[in-house]
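Structure file target.cif; described as mmCIF, C-alpha atoms.
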```
data_final
#
loop_
_atom_site.label_atom_id
_atom_site.label_comp_id
_atom_site.auth_asym_id
_atom_site.auth_seq_id
_atom_site.Cartn_x
_atom_site.Cartn_y
_atom_site.Cartn_z
CA MET A 1 75.21 121.39 108.61
CA ARG A 2 76.51 123.74 111.30
CA GLN A 3 80.25 124.03 111.81
CA GLU A 4 79.86 122.88 115.41
CA THR A 5 78.11 119.72 114.24
CA ILE A 6 80.79 119.07 111.61
CA LEU A 7 83.54 119.34 114.20
CA ARG A 8 81.64 117.10 116.61
CA ARG A 9 81.15 114.43 113.95
CA GLU A 10 84.85 114.53 113.09
CA GLU A 11 85.70 114.09 116.75
CA ILE A 12 83.48 111.01 116.89
CA LEU A 13 85.00 109.61 113.69
CA LYS A 14 88.53 109.93 115.07
CA ALA A 15 87.52 108.16 118.29
CA ALA A 16 85.72 105.42 116.36
CA MET A 17 88.71 104.92 114.08
CA GLN A 18 90.94 104.38 117.09
CA THR A 19 88.51 101.98 118.77
CA PHE A 20 87.73 100.00 115.61
CA GLY A 21 91.46 99.79 114.90
CA SER A 22 92.34 98.42 118.32
CA LYS A 23 89.36 96.08 118.84
CA GLY A 24 87.86 95.46 115.41
CA TYR A 25 84.33 96.30 114.41
CA ASN A 26 82.44 93.49 116.15
CA LYS A 27 84.16 93.86 119.53
CA ALA A 28 84.16 97.66 119.66
CA PRO A 29 81.26 98.94 121.78
CA LEU A 30 79.65 102.26 120.93
CA THR A 31 79.70 103.11 124.62
CA GLU A 32 83.51 103.14 124.58
CA ILE A 33 83.53 105.48 121.58
CA ALA A 34 80.98 107.69 123.30
CA GLU A 35 83.06 107.93 126.47
CA GLN A 36 86.09 109.15 124.52
CA VAL A 37 84.13 112.17 123.27
CA ASP A 38 82.09 112.75 126.45
CA MET A 39 78.83 111.65 124.88
CA THR A 40 76.20 109.01 125.47
CA HIS A 41 75.48 105.97 123.32
CA ALA A 42 72.32 107.73 122.17
CA GLY A 43 74.35 110.79 121.22
CA ILE A 44 76.51 108.72 118.84
CA LEU A 45 73.39 107.26 117.23
CA HIS A 46 71.93 110.75 116.89
CA HIS A 47 74.83 111.72 114.63
CA PHE A 48 75.26 108.47 112.67
CA GLY A 49 72.08 106.44 113.08
CA THR A 50 73.63 102.99 113.42
CA LYS A 51 76.96 101.37 114.22
CA ASP A 52 77.17 100.11 110.63
CA ARG A 53 76.72 103.63 109.32
CA LEU A 54 79.39 104.91 111.68
CA LEU A 55 81.80 102.29 110.35
CA LEU A 56 81.21 103.33 106.74
CA GLU A 57 81.65 106.98 107.67
CA VAL A 58 84.95 106.10 109.37
CA LEU A 59 86.19 104.37 106.22
CA SER A 60 85.13 107.29 104.05
CA TYR A 61 86.83 109.72 106.44
CA ARG A 62 90.01 107.65 106.29
CA ASP A 63 90.05 107.84 102.48
CA GLN A 64 89.48 111.59 102.55
CA THR A 65 92.61 112.06 104.67
CA ASP A 66 94.68 110.45 101.89
CA VAL A 67 93.72 113.09 99.32
CA ALA A 68 93.10 116.12 101.56
CA HIS A 69 96.44 117.69 100.54
CA LEU A 70 95.95 117.10 96.79
CA GLU A 71 94.62 119.59 94.28
CA GLY A 72 91.00 118.72 93.58
CA LYS A 73 91.17 116.23 96.46
CA HIS A 74 91.59 113.34 94.03
CA ILE A 75 94.52 111.06 93.27
CA PRO A 76 96.54 112.01 90.15
CA ASP A 77 97.08 109.96 87.00
CA GLY A 78 100.06 108.61 85.09
CA ILE A 79 103.45 108.52 86.76
CA ASP A 80 102.22 111.01 89.38
CA LEU A 81 99.87 108.33 90.72
CA PHE A 82 102.81 106.08 91.61
CA ARG A 83 104.61 109.02 93.21
CA HIS A 84 101.45 109.72 95.20
CA LEU A 85 101.32 106.12 96.45
CA ILE A 86 104.93 106.34 97.58
CA HIS A 87 104.18 109.61 99.38
CA THR A 88 101.09 108.05 100.98
CA ALA A 89 103.26 105.33 102.50
CA LEU A 90 105.48 108.02 104.00
CA LEU A 91 102.41 109.75 105.47
CA ASN A 92 101.11 106.44 106.81
CA SER A 93 104.37 105.82 108.65
CA ARG A 94 103.43 108.85 110.77
CA ARG A 95 99.81 107.87 111.52
CA ALA A 96 99.73 104.37 112.91
CA GLY A 97 96.17 104.74 114.20
CA ILE A 98 94.69 105.25 110.75
CA VAL A 99 96.79 102.42 109.30
CA GLN A 100 95.75 100.07 112.09
CA ALA A 101 92.05 100.80 111.62
CA TYR A 102 92.31 100.20 107.88
CA ALA A 103 94.29 96.96 108.28
CA VAL A 104 91.90 95.52 110.87
CA LEU A 105 88.69 96.51 109.09
CA SER A 106 89.84 95.43 105.62
CA ALA A 107 90.80 92.01 106.99
CA GLU A 108 87.49 91.68 108.83
CA SER A 109 85.54 92.64 105.72
CA VAL A 110 86.18 89.28 104.02
CA THR A 111 83.96 87.54 106.60
CA ASP A 112 80.31 86.77 105.86
CA ASP A 113 77.81 89.62 106.19
CA HIS A 114 80.38 92.17 107.34
CA PRO A 115 78.99 95.70 106.88
CA ALA A 116 82.21 96.93 105.23
CA LYS A 117 82.50 94.10 102.69
CA GLU A 118 80.88 95.97 99.82
CA PHE A 119 82.89 99.10 100.66
CA PHE A 120 86.21 97.28 100.34
CA GLN A 121 85.12 95.36 97.25
CA GLN A 122 84.29 98.63 95.50
CA ARG A 123 87.37 100.34 96.87
CA TYR A 124 89.76 97.73 95.51
CA GLU A 125 87.92 97.62 92.19
CA THR A 126 88.24 101.40 91.88
CA LEU A 127 91.90 101.44 92.90
CA ARG A 128 92.84 98.63 90.51
CA ARG A 129 91.13 100.52 87.70
CA GLU A 130 92.91 103.78 88.53
CA VAL A 131 96.32 102.13 88.84
CA ARG A 132 95.72 100.24 85.62
CA HIS A 133 94.90 103.48 83.80
CA ALA A 134 98.05 105.08 85.21
CA PHE A 135 100.06 102.17 83.79
CA GLU A 136 98.40 102.65 80.41
CA VAL A 137 99.33 106.34 80.41
CA VAL A 138 102.95 105.61 81.33
CA CYS A 139 103.17 102.80 78.75
CA GLU A 140 101.85 105.15 76.07
CA GLU A 141 104.42 107.79 77.03
CA HIS A 142 107.27 105.27 76.85
CA GLY A 143 106.15 103.43 73.73
CA VAL A 144 105.42 100.16 75.55
CA THR A 145 103.09 98.05 73.44
CA ASP A 146 103.12 94.81 75.46
CA ARG A 147 100.74 95.53 78.31
CA ALA A 148 99.84 91.98 79.28
CA THR A 149 101.20 92.42 82.81
CA ILE A 150 99.31 95.59 83.71
CA ASP A 151 96.44 93.90 85.53
CA ASP A 152 98.77 91.75 87.63
CA ALA A 153 101.01 94.72 88.34
CA SER A 154 98.07 96.86 89.48
CA ALA A 155 96.82 94.23 91.91
CA SER A 156 100.38 93.59 93.13
CA ILE A 157 101.03 97.23 94.01
CA LEU A 158 97.91 97.38 96.18
CA ALA A 159 98.72 94.04 97.79
CA VAL A 160 102.29 95.04 98.58
CA MET A 161 101.20 98.33 100.13
CA ASP A 162 98.60 96.71 102.37
CA GLY A 163 100.82 93.77 103.27
CA LEU A 164 103.74 95.99 104.23
CA GLN A 165 101.41 97.99 106.47
CA VAL A 166 100.57 94.84 108.42
CA GLN A 167 104.25 93.90 108.78
CA TRP A 168 105.07 97.44 109.90
CA LEU A 169 102.28 97.47 112.49
CA LEU A 170 103.61 94.22 113.93
CA ALA A 171 107.30 95.18 113.81
CA PRO A 172 107.77 98.94 113.24
CA ASP A 173 111.48 98.76 114.11
CA ALA A 174 112.13 95.97 111.62
CA VAL A 175 110.16 97.27 108.62
CA ASP A 176 110.69 100.71 107.09
CA LEU A 177 107.22 101.26 105.63
CA ALA A 178 108.12 104.19 103.40
CA CYS A 179 111.36 102.72 101.98
CA ALA A 180 110.00 99.21 101.46
CA THR A 181 106.90 100.56 99.71
CA GLU A 182 108.95 102.80 97.44
CA PHE A 183 111.24 99.88 96.54
CA ALA A 184 108.29 97.64 95.68
CA ILE A 185 106.45 100.24 93.58
CA ARG A 186 109.60 101.22 91.69
CA SER A 187 110.33 97.54 90.99
CA ILE A 188 106.81 96.75 89.78
CA VAL A 189 106.64 99.83 87.54
CA ALA A 190 110.04 98.98 86.06
CA GLY A 191 108.88 95.41 85.47
CA VAL A 192 106.04 96.70 83.29
CA ILE A 193 107.84 99.51 81.48
CA SER A 194 111.24 97.87 80.93
CA PRO A 195 111.06 94.16 81.81
CA GLN A 196 114.39 92.37 82.17
CA PRO A 197 115.30 88.65 82.33
CA SER A 198 115.06 87.37 85.88
CA VAL A 199 117.57 85.20 87.69
CA ILE A 200 114.54 83.31 88.97
CA ASP A 201 114.19 81.84 85.49
CA GLU A 202 117.77 80.61 85.47
CA PRO A 203 118.44 77.03 86.62
CA SER A 204 119.94 76.87 90.10
CA GLY A 205 123.31 75.30 90.76
CA SER A 206 121.69 72.26 92.36
CA ASP A 207 119.36 71.82 89.39
CA SER A 208 122.30 71.96 86.99
CA ALA A 209 124.22 69.40 89.02
CA GLU A 210 121.24 67.06 89.10
CA GLU A 211 120.77 67.43 85.35
CA THR A 212 124.49 66.70 84.80
CA ASP A 213 124.36 63.59 87.02
CA ALA A 214 121.23 62.39 85.28
CA ALA A 215 122.85 62.84 81.88
CA ALA A 216 125.94 60.96 83.05
CA ASP A 217 123.81 58.08 84.30
CA VAL A 218 122.01 57.86 80.99
CA GLY A 219 125.30 57.95 79.14
CA ALA A 220 126.81 55.24 81.34
CA GLY A 221 123.76 53.08 80.87
CA ALA A 222 123.97 53.41 77.11
CA ALA A 223 127.67 52.51 77.07
CA ALA A 224 127.45 49.58 79.47
CA PRO A 225 128.17 46.20 77.84
CA GLN A 226 125.16 43.95 77.43
CA PRO A 227 125.30 40.44 78.94
CA ALA A 228 126.05 37.62 76.53
CA GLY A 229 123.00 35.80 75.24
#
```
Written form, structure tokens:
Amino acid sequence: MRQETILRREEILKAAMQTFGSKGYNKAPLTEIAEQVDMTHAGILHHFGTKDRLLLEVLSYRDQTDVAHLEGKHIPDGIDLFRHLIHTALLNSRRAGIVQAYAVLSAESVTDDHPAKEFFQQRYETLRREVRHAFEVVCEEHGVTDRATIDDASASILAVMDGLQVQWLLAPDAVDLACATEFAIRSIVAGVISPQPSVIDEPSGSDSAEETDAAADVGAGAAAPQPAG
């Protein structure tokens, strides 16, 4: 593929990402994307064939931007994976357009017959597997034998990252995407590697008071004199 063609395709992908992010896949017309890059509707189809194909190329392009700066262009393993995820959140806080496109399209993908549904199903499956393996590596390094929480922790990290992105898009001044993501990932990793008792498991003050009152009622009932027969 000629360099000119590669650059033209990338220009289209950036425009499509912006349009899909602001309007969603179904409501984003190819004509609007074409106008942004001074092309015709037919010109877009010449490069990508169909709107569905363009969408999948946009999603693939978005993923490539996450690893473009990494050696081998692939996410690392072990503890470096978690550091990479924290760094990705920092990068995302500087590229709202990419984050918006991902948030909109991933949410849309759960609907019936959406062209990106299989993409996101496979993406989450792959990410859960990679995060899980990173947990296994870290557990092995730290002598952690109880790994029952790894699957839940892996899914939780991905959920927290995506959920914080939505909150940040809606209220960027109220949510610090990078700091909140780092806090969540550090907490989840610590919960797997060195779990501690949680105050959530402790009875609340109101529960204790109710239990005390209930015990007193039972005691009073037991001590109450019985009526004469």
Each region 43-149 of chain A residue no farther than 9 Å from region 159-173 of chain A, nearest pair in Å, only C-alpha atoms, as a Markdown table:
```
| residue | atom | partner | partner_atom | distance |
| --- | --- | --- | --- | --- |
| A:Leu85 | CA | A:Met161 | CA | 8.6 |
| A:Ala89 | CA | A:Met161 | CA | 7.7 |
| A:Asn92 | CA | A:Gln165 | CA | 8.5 |
| A:Ser93 | CA | A:Trp168 | CA | 8.5 |
| A:Ala96 | CA | A:Leu169 | CA | 7.4 |
| A:Val99 | CA | A:Gln165 | CA | 7.0 |
| A:Gln100 | CA | A:Leu169 | CA | 7.0 |
| A:Ala103 | CA | A:Val166 | CA | 6.6 |
```
With a distance cut-off of 10 Å and all atoms listed in the file, select the neighbouring residues of Pro76 (chain A), excluding the residue or stretch itself and same-chain residues fewer than 6 positions from it, and output the selection as a PDB file with C-alpha atoms, in the coordinates of the input.
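Saved file out03.pdb follows:
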```pdb
ATOM      1  CA  VAL A  67      93.720 113.090  99.320  1.00  0.00           C
ATOM      2  CA  LEU A  70      95.950 117.100  96.790  1.00  0.00           C
ATOM      3  CA  PHE A  82     102.810 106.080  91.610  1.00  0.00           C
ATOM      4  CA  ARG A  83     104.610 109.020  93.210  1.00  0.00           C
ATOM      5  CA  HIS A  84     101.450 109.720  95.200  1.00  0.00           C
ATOM      6  CA  LEU A  85     101.320 106.120  96.450  1.00  0.00           C
ATOM      7  CA  GLU A 130      92.910 103.780  88.530  1.00  0.00           C
ATOM      8  CA  VAL A 131      96.320 102.130  88.840  1.00  0.00           C
ATOM      9  CA  ALA A 134      98.050 105.080  85.210  1.00  0.00           C
TER      10      ALA A 134
END
```
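When all atoms listed in the file are used to compute distances to Arg94 (chain A), the closest of the residues A:Ile44, A:Ile185, A:Leu177, A:Ala190 turns out to be A:Leu177.
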Counting all atoms listed in the file, the option among A:Leu127, A:Ile33, A:Asp176, A:Ile150 closest to His74 (chain A):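 Of all the options, A:Leu127 lies closest to His74 (chain A).
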Selected residue of minimal separation from Leu81 (chain A) among A:Lys23, A:His133, A:Arg53, A:Lys117, counting only C-alpha atoms: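 The answer is A:His133, which sits nearest to Leu81 (chain A).
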On this structure, the PyMOL selection byres ((chain A and resi 186) around 12) would catch which residues? List them as number ranges by chain, sorted by chain and number. A: 79, 82-83, 85-86, 153, 157, 160, 179-185, 187-194
Find the residues around region 25-32 of chain A up to 12 Å (only C-alpha atoms counted), leave out those fewer than 2 positions away in its own chain, and share them as a ChimeraX atom specification. /A:12-13,15-23,34-45,48-56,58-59,101-109,111,113-116
Please write as a ChimeraX atom specification the list of polymer residues whose atoms come within 12 Å of (88.4, 94.7, 91.4), counting all atoms listed in the file and keeping to the coordinates of the file. /A:118-132,151-152,154-155,158
Rounded to one decimal in Å, what is the spacing between CA of Thr88 (chain A) and CA of Glu11 (chain A)?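 According to the coordinates, CA of Thr88 (chain A) and CA of Glu11 (chain A) are separated by 22.8 Å.
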What is the CA of Phe135 (chain A)-CA of Ala148 (chain A) distance in Å, reported with one decimal?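 So the two atoms, CA of Phe135 (chain A) and CA of Ala148 (chain A), lie 11.1 Å apart.
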Please give the centre and size of the box around region 117-127 of chain A (axis-aligned, containing every atom listed in the file, 3 Å added per side), with values in Å to one decimal and written as AutoDock Vina command-line options.
```
--center_x 86.4 --center_y 97.8 --center_z 97.3 --size_x 17.0 --size_y 13.3 --size_z 16.8
```
One-decimal distance in Å that lies between CA of Ile98 (chain A) and CA of Asp63 (chain A): 9.8 Å
